[in-house]
$ cat query.pdb   # PDB, C-alpha atoms
ATOM      1  CA  MET Q 156     117.685  79.634 -16.706
ATOM      2  CA  ILE Q 157     114.766  80.258 -14.387
ATOM      3  CA  THR Q 158     111.719  78.395 -15.586
ATOM      4  CA  ALA Q 159     108.187  79.413 -14.707
ATOM      5  CA  LYS Q 160     107.600  76.040 -13.088
ATOM      6  CA  ASN Q 161     110.674  76.395 -10.914
ATOM      7  CA  LEU Q 162     109.761  79.928  -9.862
ATOM      8  CA  ALA Q 163     106.164  78.986  -9.077
ATOM      9  CA  ALA Q 164     107.238  75.998  -6.958
ATOM     10  CA  LEU Q 165     109.798  78.109  -5.097
ATOM     11  CA  GLY Q 166     107.216  80.806  -4.375
ATOM     12  CA  LEU Q 167     104.670  78.291  -3.164
ATOM     13  CA  LEU Q 168     107.105  76.530  -0.856
ATOM     14  CA  LEU Q 169     108.485  79.845   0.430
ATOM     15  CA  ALA Q 170     104.956  80.905   1.339
ATOM     16  CA  ALA Q 171     104.453  77.554   3.055
ATOM     17  CA  ALA Q 172     107.730  77.958   4.984
ATOM     18  CA  VAL Q 173     106.796  81.458   6.190
ATOM     19  CA  MET Q 174     103.358  80.233   7.219
ATOM     20  CA  LEU Q 175     104.834  77.271   9.087
ATOM     21  CA  SER Q 176     107.220  79.613  10.935
ATOM     22  CA  TRP Q 177     104.276  81.772  11.918
ATOM     23  CA  LEU Q 178     102.323  78.725  13.048
ATOM     24  CA  GLU Q 179     105.259  77.602  15.135
ATOM     25  CA  SER Q 180     105.651  81.030  16.726
ATOM     26  CA  LEU Q 181     102.117  80.602  18.114
ATOM     27  CA  LEU Q 182     103.003  77.361  19.901
ATOM     28  CA  PRO Q 183     104.555  77.532  23.368
ATOM     29  CA  PRO Q 184     108.298  76.676  23.425
ATOM     30  CA  PRO Q 185     108.632  72.925  24.107
ATOM     31  CA  VAL Q 186     111.430  73.451  26.671
ATOM     32  CA  PRO Q 187     111.017  76.954  28.112
ATOM     33  CA  SER Q 188     114.277  76.923  30.048
ATOM     34  CA  VAL Q 189     116.628  76.457  27.104
ATOM     35  CA  PRO Q 190     116.704  79.072  24.347
ATOM     36  CA  GLY Q 191     116.667  77.739  20.793
ATOM     37  CA  ILE Q 192     114.660  74.545  21.187
ATOM     38  CA  LYS Q 193     111.952  74.244  18.585
ATOM     39  CA  LEU Q 194     110.429  71.862  16.090
ATOM     40  CA  GLY Q 195     111.689  73.665  12.991
ATOM     41  CA  LEU Q 196     108.550  73.182  10.937
ATOM     42  CA  ALA Q 197     109.841  75.682   8.383
ATOM     43  CA  ASN Q 198     112.645  73.279   7.576
ATOM     44  CA  LEU Q 199     110.099  70.916   6.016
ATOM     45  CA  PRO Q 200     109.893  72.744   2.644
ATOM     46  CA  VAL Q 201     113.707  72.954   2.572
ATOM     47  CA  VAL Q 202     114.008  69.179   3.061
ATOM     48  CA  LEU Q 203     111.328  68.589   0.427
ATOM     49  CA  LEU Q 204     113.198  70.750  -2.096
ATOM     50  CA  LEU Q 205     116.440  68.972  -1.281
ATOM     51  CA  TYR Q 206     114.704  65.781  -2.395
ATOM     52  CA  SER Q 207     113.043  67.184  -5.500
ATOM     53  CA  GLU Q 208     115.728  66.377  -8.070
ATOM     54  CA  ARG Q 209     113.242  64.353 -10.098
ATOM     55  CA  ARG Q 210     111.195  67.496 -10.623
ATOM     56  CA  PHE Q 211     113.695  70.359 -10.604
ATOM     57  CA  PRO Q 212     117.206  70.258 -12.028
ATOM     58  CA  ARG Q 213     118.201  73.217  -9.834
ATOM     59  CA  PHE Q 214     116.987  71.639  -6.614
ATOM     60  CA  VAL Q 215     120.124  72.440  -4.571
ATOM     61  CA  LEU Q 216     120.034  76.138  -5.426
ATOM     62  CA  ASN Q 217     116.273  76.134  -4.895
ATOM     63  CA  ALA Q 218     116.606  74.708  -1.402
ATOM     64  CA  LEU Q 219     119.364  77.127  -0.379
ATOM     65  CA  THR Q 220     117.460  80.132  -1.768
ATOM     66  CA  LEU Q 221     114.330  79.042   0.039
ATOM     67  CA  SER Q 222     116.198  78.535   3.294
ATOM     68  CA  ILE Q 223     117.837  81.977   3.297
ATOM     69  CA  ALA Q 224     114.791  83.857   1.979
ATOM     70  CA  ARG Q 225     112.613  82.232   4.625
ATOM     71  CA  VAL Q 226     114.949  83.305   7.446
ATOM     72  CA  LEU Q 227     115.052  86.913   6.231
ATOM     73  CA  ILE Q 228     111.287  87.197   5.696
ATOM     74  CA  VAL Q 229     110.426  85.607   9.038
ATOM     75  CA  GLY Q 230     113.109  87.689  10.775
ATOM     76  CA  PHE Q 231     111.658  90.930   9.481
ATOM     77  CA  MET Q 232     108.048  89.893  10.021
ATOM     78  CA  PHE Q 233     107.890  88.165  13.413
ATOM     79  CA  THR Q 234     110.955  87.366  15.430
ATOM     80  CA  GLY Q 235     112.921  90.597  15.236
ATOM     81  CA  LEU Q 236     116.360  91.304  13.884
ATOM     82  CA  PHE Q 237     118.378  90.099  16.848
ATOM     83  CA  ASN Q 238     117.304  86.586  15.932
ATOM     84  CA  VAL Q 239     118.415  86.800  12.305
ATOM     85  CA  VAL Q 240     122.093  86.140  13.012
ATOM     86  CA  TYR Q 241     121.118  82.997  14.939
ATOM     87  CA  SER Q 242     118.520  81.791  12.447
ATOM     88  CA  LEU Q 243     120.743  82.491   9.448
ATOM     89  CA  SER Q 244     123.775  80.654  10.819
ATOM     90  CA  GLY Q 245     121.577  77.741  11.858
ATOM     91  CA  ALA Q 246     119.860  77.611   8.475
ATOM     92  CA  VAL Q 247     123.050  77.824   6.395
ATOM     93  CA  VAL Q 248     125.075  75.317   8.443
ATOM     94  CA  SER Q 249     122.174  72.883   8.618
ATOM     95  CA  PHE Q 250     121.629  73.231   4.857
ATOM     96  CA  PHE Q 251     125.195  72.296   3.962
ATOM     97  CA  VAL Q 252     125.319  69.458   6.496
ATOM     98  CA  MET Q 253     122.102  68.054   5.022
ATOM     99  CA  LEU Q 254     123.437  68.443   1.494
ATOM    100  CA  LEU Q 255     126.652  66.593   2.387
ATOM    101  CA  CYS Q 256     124.769  63.822   4.183
ATOM    102  CA  LYS Q 257     122.469  63.441   1.204
ATOM    103  CA  LEU Q 258     125.382  63.319  -1.261
ATOM    104  CA  THR Q 259     126.992  60.443   0.642
ATOM    105  CA  LYS Q 260     123.848  58.417  -0.209
ATOM    106  CA  LYS Q 261     124.299  56.635   3.132
ATOM    107  CA  PHE Q 262     121.249  58.071   4.896
ATOM    108  CA  SER Q 263     117.532  58.246   4.253
ATOM    109  CA  VAL Q 264     115.719  61.572   4.372
ATOM    110  CA  ILE Q 265     115.153  60.911   8.091
ATOM    111  CA  GLY Q 266     118.887  60.618   8.826
ATOM    112  CA  VAL Q 267     119.613  63.677   6.687
ATOM    113  CA  SER Q 268     116.997  65.677   8.553
ATOM    114  CA  VAL Q 269     118.323  64.504  11.944
ATOM    115  CA  ALA Q 270     121.833  65.633  10.938
ATOM    116  CA  GLY Q 271     120.397  68.971   9.789
ATOM    117  CA  GLY Q 272     118.431  69.552  12.977
ATOM    118  CA  THR Q 273     121.423  68.770  15.190
ATOM    119  CA  ALA Q 274     123.784  70.894  13.080
ATOM    120  CA  HIS Q 275     121.293  73.778  13.221
ATOM    121  CA  ASN Q 276     121.209  73.715  17.030
ATOM    122  CA  LEU Q 277     124.958  73.338  17.469
ATOM    123  CA  ALA Q 278     125.674  76.181  15.024
ATOM    124  CA  GLN Q 279     123.334  78.451  16.958
ATOM    125  CA  LEU Q 280     125.004  77.440  20.206
ATOM    126  CA  MET Q 281     128.448  78.351  18.820
ATOM    127  CA  ILE Q 282     127.098  81.741  17.704
ATOM    128  CA  ALA Q 283     125.564  82.286  21.135
ATOM    129  CA  VAL Q 284     128.862  81.437  22.837
ATOM    130  CA  ALA Q 285     130.701  83.856  20.526
ATOM    131  CA  VAL Q 286     128.163  86.690  20.785
ATOM    132  CA  MET Q 287     127.813  86.513  24.553
ATOM    133  CA  SER Q 288     131.497  85.585  25.133
ATOM    134  CA  GLU Q 289     130.107  83.066  27.607
ATOM    135  CA  PRO Q 290     131.767  79.622  27.258
ATOM    136  CA  ARG Q 291     129.561  78.227  30.068
ATOM    137  CA  LEU Q 292     126.728  78.142  27.539
ATOM    138  CA  MET Q 293     128.424  75.092  26.022
ATOM    139  CA  SER Q 294     126.955  73.068  28.892
ATOM    140  CA  LEU Q 295     123.645  73.245  27.019
ATOM    141  CA  TYR Q 296     124.956  71.162  24.145
ATOM    142  CA  PRO Q 297     123.527  67.753  25.209
ATOM    143  CA  VAL Q 298     120.006  69.193  25.403
ATOM    144  CA  LEU Q 299     120.446  70.825  22.018
ATOM    145  CA  ILE Q 300     121.729  67.614  20.413
ATOM    146  CA  VAL Q 301     118.788  65.599  21.758
ATOM    147  CA  SER Q 302     116.237  68.215  20.723
ATOM    148  CA  GLY Q 303     117.909  68.476  17.304
ATOM    149  CA  ILE Q 304     117.603  64.712  16.848
ATOM    150  CA  ALA Q 305     113.947  64.733  17.921
ATOM    151  CA  ALA Q 306     112.984  67.690  15.718
ATOM    152  CA  GLY Q 307     114.974  66.361  12.753
ATOM    153  CA  PHE Q 308     113.404  62.936  13.138
ATOM    154  CA  ILE Q 309     109.856  64.298  13.122
ATOM    155  CA  ILE Q 310     110.536  66.597  10.150
ATOM    156  CA  GLY Q 311     112.245  63.737   8.286
ATOM    157  CA  VAL Q 312     109.314  61.374   8.798
ATOM    158  CA  VAL Q 313     106.816  64.039   7.711
ATOM    159  CA  ALA Q 314     108.943  64.889   4.662
ATOM    160  CA  ARG Q 315     109.033  61.213   3.723
ATOM    161  CA  LEU Q 316     105.259  60.923   4.095
ATOM    162  CA  VAL Q 317     104.656  64.054   2.009
ATOM    163  CA  ASP Q 318     107.065  62.680  -0.589
ATOM    164  CA  LEU Q 319     105.197  59.352  -0.696
ATOM    165  CA  ILE Q 320     101.852  61.105  -1.124
ATOM    166  CA  LEU Q 321     103.162  63.405  -3.844
ATOM    167  CA  TYR Q 322     104.714  60.640  -5.895
ATOM    168  CA  CYS Q 323     102.093  57.910  -5.533
TER     169      CYS Q 323
ATOM    170  CA  MET C 205     106.685  50.776  10.308
ATOM    171  CA  LEU C 206     109.801  52.970  10.297
ATOM    172  CA  LYS C 207     111.482  50.614   7.842
ATOM    173  CA  ARG C 208     108.570  50.938   5.474
ATOM    174  CA  ILE C 209     109.139  54.676   5.156
ATOM    175  CA  GLY C 210     112.832  54.198   4.435
ATOM    176  CA  PHE C 211     114.506  54.496   7.851
ATOM    177  CA  THR C 212     117.887  52.781   7.459
ATOM    178  CA  ARG C 213     120.477  51.266   9.746
ATOM    179  CA  ASN C 214     122.812  54.194   8.990
ATOM    180  CA  ASP C 215     120.149  56.609  10.238
ATOM    181  CA  LEU C 216     119.972  54.654  13.479
ATOM    182  CA  LEU C 217     123.763  54.653  13.717
ATOM    183  CA  LEU C 218     123.881  58.432  13.240
ATOM    184  CA  ILE C 219     121.309  58.965  15.984
ATOM    185  CA  ALA C 220     123.206  56.586  18.293
ATOM    186  CA  VAL C 221     126.513  58.429  17.776
ATOM    187  CA  LEU C 222     124.889  61.816  18.402
ATOM    188  CA  LEU C 223     123.190  60.489  21.543
ATOM    189  CA  LEU C 224     126.562  59.196  22.723
ATOM    190  CA  PHE C 225     128.017  62.713  22.422
ATOM    191  CA  ALA C 226     125.065  64.088  24.357
ATOM    192  CA  ALA C 227     125.494  61.386  27.024
ATOM    193  CA  VAL C 228     129.141  62.393  27.530
ATOM    194  CA  GLY C 229     127.986  65.966  28.201
ATOM    195  CA  VAL C 230     125.259  64.837  30.588
ATOM    196  CA  TRP C 231     127.743  62.609  32.416
ATOM    197  CA  ARG C 232     130.169  65.503  32.782
ATOM    198  CA  SER C 233     127.548  67.866  34.151
ATOM    199  CA  ILE C 234     126.423  65.188  36.631
ATOM    200  CA  THR C 235     129.958  64.656  37.919
ATOM    201  CA  ASP C 236     130.429  68.442  38.041
ATOM    202  CA  ALA C 237     127.269  68.784  40.118
ATOM    203  CA  VAL C 238     128.398  66.047  42.522
ATOM    204  CA  ASN C 239     131.806  67.631  43.012
ATOM    205  CA  SER C 240     130.555  71.198  43.184
ATOM    206  CA  VAL C 241     130.828  73.325  46.265
ATOM    207  CA  ASN C 242     127.813  75.307  47.389
ATOM    208  CA  ALA C 243     127.304  78.453  45.406
ATOM    209  CA  VAL C 244     127.840  81.626  47.404
ATOM    210  CA  SER C 245     127.134  84.318  44.862
ATOM    211  CA  ALA C 246     125.323  85.065  41.626
ATOM    212  CA  VAL C 247     127.563  86.514  38.950
ATOM    213  CA  ILE C 248     125.829  88.685  36.365
ATOM    214  CA  ARG C 249     127.645  89.249  33.096
ATOM    215  CA  VAL C 250     126.744  91.490  30.188
ATOM    216  CA  ASN C 251     128.446  90.631  26.917
ATOM    217  CA  GLY C 252     130.861  88.395  28.809
ATOM    218  CA  GLU C 253     131.996  91.064  31.272
ATOM    219  CA  VAL C 254     131.172  90.794  34.960
ATOM    220  CA  GLN C 255     128.642  93.488  35.821
ATOM    221  CA  GLU C 256     127.642  92.535  39.301
ATOM    222  CA  VAL C 257     128.316  89.893  41.959
ATOM    223  CA  LEU C 258     125.375  89.379  44.321
ATOM    224  CA  PRO C 259     125.576  87.426  47.595
ATOM    225  CA  LEU C 260     123.029  84.599  47.621
ATOM    226  CA  ASP C 261     122.221  84.846  51.335
ATOM    227  CA  LYS C 262     120.720  88.317  50.974
ATOM    228  CA  ASP C 263     117.374  88.816  49.203
ATOM    229  CA  SER C 264     117.595  91.444  46.502
ATOM    230  CA  GLU C 265     116.216  92.807  43.271
ATOM    231  CA  THR C 266     118.762  94.119  40.814
ATOM    232  CA  THR C 267     118.077  95.886  37.560
ATOM    233  CA  VAL C 268     120.619  95.035  34.879
ATOM    234  CA  THR C 269     121.013  97.044  31.707
ATOM    235  CA  GLY C 270     121.792  94.767  28.759
ATOM    236  CA  TYR C 271     124.015  95.208  25.747
ATOM    237  CA  ASN C 272     121.466  97.191  23.726
ATOM    238  CA  GLY C 273     119.887  99.069  26.626
ATOM    239  CA  GLY C 274     117.299  96.430  27.469
ATOM    240  CA  VAL C 275     116.482  95.707  31.088
ATOM    241  CA  ASN C 276     116.404  92.480  33.126
ATOM    242  CA  ILE C 277     115.402  92.439  36.775
ATOM    243  CA  ILE C 278     117.314  89.732  38.648
ATOM    244  CA  VAL C 279     115.601  88.568  41.842
ATOM    245  CA  ILE C 280     117.157  86.652  44.758
ATOM    246  CA  ARG C 281     114.707  85.135  47.260
ATOM    247  CA  SER C 282     116.007  82.771  49.976
ATOM    248  CA  ARG C 283     119.035  81.553  47.960
ATOM    249  CA  ILE C 284     116.967  81.035  44.818
ATOM    250  CA  ILE C 285     117.553  83.277  41.841
ATOM    251  CA  TYR C 286     115.387  84.085  38.822
ATOM    252  CA  VAL C 287     114.652  86.822  36.303
ATOM    253  CA  GLY C 288     111.512  88.581  37.531
ATOM    254  CA  GLU C 289     110.945  90.910  34.611
ATOM    255  CA  ALA C 290     112.589  91.789  31.316
ATOM    256  CA  ASP C 291     111.791  93.680  28.142
ATOM    257  CA  CYS C 292     113.474  91.286  25.698
ATOM    258  CA  PRO C 293     111.400  89.990  22.768
ATOM    259  CA  ASP C 294     111.393  86.273  23.660
ATOM    260  CA  LEU C 295     111.217  86.434  27.492
ATOM    261  CA  LEU C 296     112.972  83.059  27.698
ATOM    262  CA  CYS C 297     114.971  84.315  30.692
ATOM    263  CA  VAL C 298     111.766  85.088  32.598
ATOM    264  CA  LYS C 299     110.279  81.694  31.708
ATOM    265  CA  HIS C 300     113.445  79.916  32.870
ATOM    266  CA  LYS C 301     112.979  77.970  36.082
ATOM    267  CA  PRO C 302     114.654  79.534  39.162
ATOM    268  CA  ILE C 303     118.223  78.325  39.752
ATOM    269  CA  SER C 304     119.960  77.577  43.038
ATOM    270  CA  ASP C 305     122.944  75.232  42.416
ATOM    271  CA  SER C 306     126.455  76.180  41.386
ATOM    272  CA  GLY C 307     127.056  75.827  37.653
ATOM    273  CA  GLU C 308     123.445  76.576  36.755
ATOM    274  CA  LEU C 309     122.846  79.334  34.274
ATOM    275  CA  ILE C 310     120.138  81.702  33.045
ATOM    276  CA  VAL C 311     120.760  83.601  29.823
ATOM    277  CA  CYS C 312     119.022  86.374  27.954
ATOM    278  CA  LEU C 313     120.378  86.164  24.413
ATOM    279  CA  PRO C 314     118.847  89.401  23.085
ATOM    280  CA  HIS C 315     120.362  91.460  25.936
ATOM    281  CA  ARG C 316     123.533  89.339  26.157
ATOM    282  CA  VAL C 317     122.960  88.952  29.880
ATOM    283  CA  SER C 318     123.958  85.807  31.743
ATOM    284  CA  VAL C 319     123.496  84.858  35.392
ATOM    285  CA  THR C 320     125.649  82.071  36.830
ATOM    286  CA  LEU C 321     126.007  80.705  40.353
ATOM    287  CA  GLU C 322     129.560  80.398  41.571
TER     288      GLU C 322
END
$ encode --input "query.pdb" --output "structure tokens"
Amino acid sequence: MITAKNLAALGLLLAAAVMLSWLESLLPPPVPSVPGIKLGLANLPVVLLLYSERRFPRFVLNALTLSIARVLIVGFMFTGLFNVVYSLSGAVVSFFVMLLCKLTKKFSVIGVSVAGGTAHNLAQLMIAVAVMSEPRLMSLYPVLIVSGIAAGFIIGVVARLVDLILYC
Amino acid sequence: MLKRIGFTRNDLLLIAVLLLFAAVGVWRSITDAVNSVNAVSAVIRVNGEVQEVLPLDKDSETTVTGYNGGVNIIVIRSRIIYVGEADCPDLLCVKHKPISDSGELIVCLPHRVSVTLE
């Protein structure tokens, strides 16, 4: 059953995710020579929803819905359709990796977010290799792992801080 | 500080393992670079298929038509190669620093164009 509270929260966070994507599109790329490196601010609401089980019983479905809806909206609004296949694969793979890492109960939200960020980048790299039929692209993987760790770390810390503020 | 916000030893372990993977890749590309012979030509591929092979010792400007009809202009100036102009949405290929060593790579994902030095 979809409750009003659930729907309202999902709408609010979706709006926040779209706005964060827009904000990020205004910033210059942190490493201009490698495609795909970014902070992933829009992943913040997804991480928050993944850790909202105390508030929403359907938090897993919420987070997945948010993640996919965000990619489609942002794809149509700003980045263009060619990006959607990359964004979508990154978002879906990173979502399930984060979910698995969270279910193991071995990592904090920071570790989960680091795993998600890295998985996102590696999934996009695989898609790029497949789409371009260019195996040499694999040589970019160390850069993408490091940037995934950095982005995931920052998003994880921010998510934790937001969580602390919301629950205190 | 990090401990206070819940950073655990497992998180650190995860980051260390991932960094180790990255280090292996960096190590491999360093040894590749040391063992590499000087590049003689720039190979331009569209969608994985070789479109053009340009000699590095001759300055040139080549217009490449990408997978969906987009255009990238590949420039060679004194053995250094870069993308001078393109009409892709992200322009990452144009922002990429010029390349000159074998194994280096410039890609334009939207147009499925890649330039490698071989």
$ axis_aligned_box --input "query.pdb" --around "range 256-272 of chain C" --padding-each-side "5 Å" --output "AutoDock Vina command-line options"
--center_x 122.3 --center_y 90.9 --center_z 37.5 --size_x 22.1 --size_y 22.6 --size_z 37.6
$ resolve_selection --input "query.pdb" --expression "the ChimeraX specification (/C :<7) & /Q" --output "VMD selection string"
chain Q and resid 187 to 188 190 237 261 to 263 265 to 266 287 to 289 297 300 to 301 304 315
$ atom_distance --input "query.pdb" --atom1 "CA of Glu265 in chain C" --atom2 "CA of Arg281 in chain C"
8.8 Å
$ resolve_selection --input "query.pdb" --expression "the PyMOL selection byres ((chain Q and resi 246-250) around 12)" --output "PyMOL selection string"
chain Q and resi 195+197-202+204-205+215-227+238-245+251-257+267-282+303+307
$ atom_distance --input "query.pdb" --atom1 "CA of Lys207 in chain C" --atom2 "CA of Leu168 in chain Q"
27.7 Å
$ atom_distance --input "query.pdb" --atom1 "CA of Val284 in chain Q" --atom2 "CA of Gln255 in chain C"
17.7 Å
$ resolve_selection --input "query.pdb" --expression "the PyMOL selection byres ((chain Q and resi 192) around 8)" --output "VMD selection string"
chain Q and resid 184 to 186 189 to 191 193 to 194 276 299 302 to 303
$ closest_residue --input "query.pdb" --among "Q:Ala314, Q:Ala172, Q:Leu182, Q:Leu162" --to "Leu203 in chain Q" --atoms "only C-alpha atoms"
Q:Ala314
$ closest_residue --input "query.pdb" --among "C:Val319, C:Thr266, C:Ser306, C:Gly288" --to "Ile234 in chain C" --atoms "all atoms listed in the file"
C:Ser306
$ residues_around --input "query.pdb" --residues "Leu260 in chain C" --least-positions-apart "2" --cutoff "12 Å" --atoms "only C-alpha atoms" --output "ChimeraX atom specification"
/C:242-247,257-258,262-265,278-286,303-306,320-322
$ build_atoms --input "query.pdb" --residues "range 218-229 of chain C" --atoms "N, CA, C and O atoms" --output "PDB file, in the frame of the given file"
ATOM      1  N   LEU C 218     123.648  56.996  13.087  1.00  0.00           N
ATOM      2  CA  LEU C 218     123.881  58.432  13.240  1.00  0.00           C
ATOM      3  C   LEU C 218     123.256  58.932  14.537  1.00  0.00           C
ATOM      4  O   LEU C 218     123.895  59.631  15.329  1.00  0.00           O
ATOM      5  N   ILE C 219     122.002  58.534  14.771  1.00  0.00           N
ATOM      6  CA  ILE C 219     121.309  58.965  15.984  1.00  0.00           C
ATOM      7  C   ILE C 219     122.039  58.447  17.223  1.00  0.00           C
ATOM      8  O   ILE C 219     122.238  59.166  18.200  1.00  0.00           O
ATOM      9  N   ALA C 220     122.506  57.172  17.145  1.00  0.00           N
ATOM     10  CA  ALA C 220     123.206  56.586  18.293  1.00  0.00           C
ATOM     11  C   ALA C 220     124.487  57.358  18.600  1.00  0.00           C
ATOM     12  O   ALA C 220     124.784  57.657  19.769  1.00  0.00           O
ATOM     13  N   VAL C 221     125.260  57.700  17.554  1.00  0.00           N
ATOM     14  CA  VAL C 221     126.513  58.429  17.776  1.00  0.00           C
ATOM     15  C   VAL C 221     126.239  59.802  18.397  1.00  0.00           C
ATOM     16  O   VAL C 221     126.896  60.211  19.362  1.00  0.00           O
ATOM     17  N   LEU C 222     125.219  60.490  17.860  1.00  0.00           N
ATOM     18  CA  LEU C 222     124.889  61.816  18.402  1.00  0.00           C
ATOM     19  C   LEU C 222     124.454  61.708  19.862  1.00  0.00           C
ATOM     20  O   LEU C 222     124.847  62.526  20.698  1.00  0.00           O
ATOM     21  N   LEU C 223     123.647  60.681  20.164  1.00  0.00           N
ATOM     22  CA  LEU C 223     123.190  60.489  21.543  1.00  0.00           C
ATOM     23  C   LEU C 223     124.368  60.208  22.473  1.00  0.00           C
ATOM     24  O   LEU C 223     124.390  60.651  23.616  1.00  0.00           O
ATOM     25  N   LEU C 224     125.373  59.484  21.934  1.00  0.00           N
ATOM     26  CA  LEU C 224     126.562  59.196  22.723  1.00  0.00           C
ATOM     27  C   LEU C 224     127.275  60.493  23.111  1.00  0.00           C
ATOM     28  O   LEU C 224     127.657  60.694  24.263  1.00  0.00           O
ATOM     29  N   PHE C 225     127.424  61.406  22.141  1.00  0.00           N
ATOM     30  CA  PHE C 225     128.017  62.713  22.422  1.00  0.00           C
ATOM     31  C   PHE C 225     127.241  63.430  23.519  1.00  0.00           C
ATOM     32  O   PHE C 225     127.814  63.989  24.452  1.00  0.00           O
ATOM     33  N   ALA C 226     125.907  63.422  23.370  1.00  0.00           N
ATOM     34  CA  ALA C 226     125.065  64.088  24.357  1.00  0.00           C
ATOM     35  C   ALA C 226     125.255  63.450  25.729  1.00  0.00           C
ATOM     36  O   ALA C 226     125.359  64.144  26.740  1.00  0.00           O
ATOM     37  N   ALA C 227     125.357  62.096  25.746  1.00  0.00           N
ATOM     38  CA  ALA C 227     125.494  61.386  27.024  1.00  0.00           C
ATOM     39  C   ALA C 227     126.787  61.789  27.726  1.00  0.00           C
ATOM     40  O   ALA C 227     126.817  61.951  28.948  1.00  0.00           O
ATOM     41  N   VAL C 228     127.876  61.958  26.940  1.00  0.00           N
ATOM     42  CA  VAL C 228     129.141  62.393  27.530  1.00  0.00           C
ATOM     43  C   VAL C 228     128.950  63.725  28.254  1.00  0.00           C
ATOM     44  O   VAL C 228     129.406  63.917  29.392  1.00  0.00           O
ATOM     45  N   GLY C 229     128.237  64.656  27.598  1.00  0.00           N
ATOM     46  CA  GLY C 229     127.986  65.966  28.201  1.00  0.00           C
ATOM     47  C   GLY C 229     127.155  65.863  29.463  1.00  0.00           C
ATOM     48  O   GLY C 229     127.438  66.523  30.466  1.00  0.00           O
TER      49      GLY C 229
END
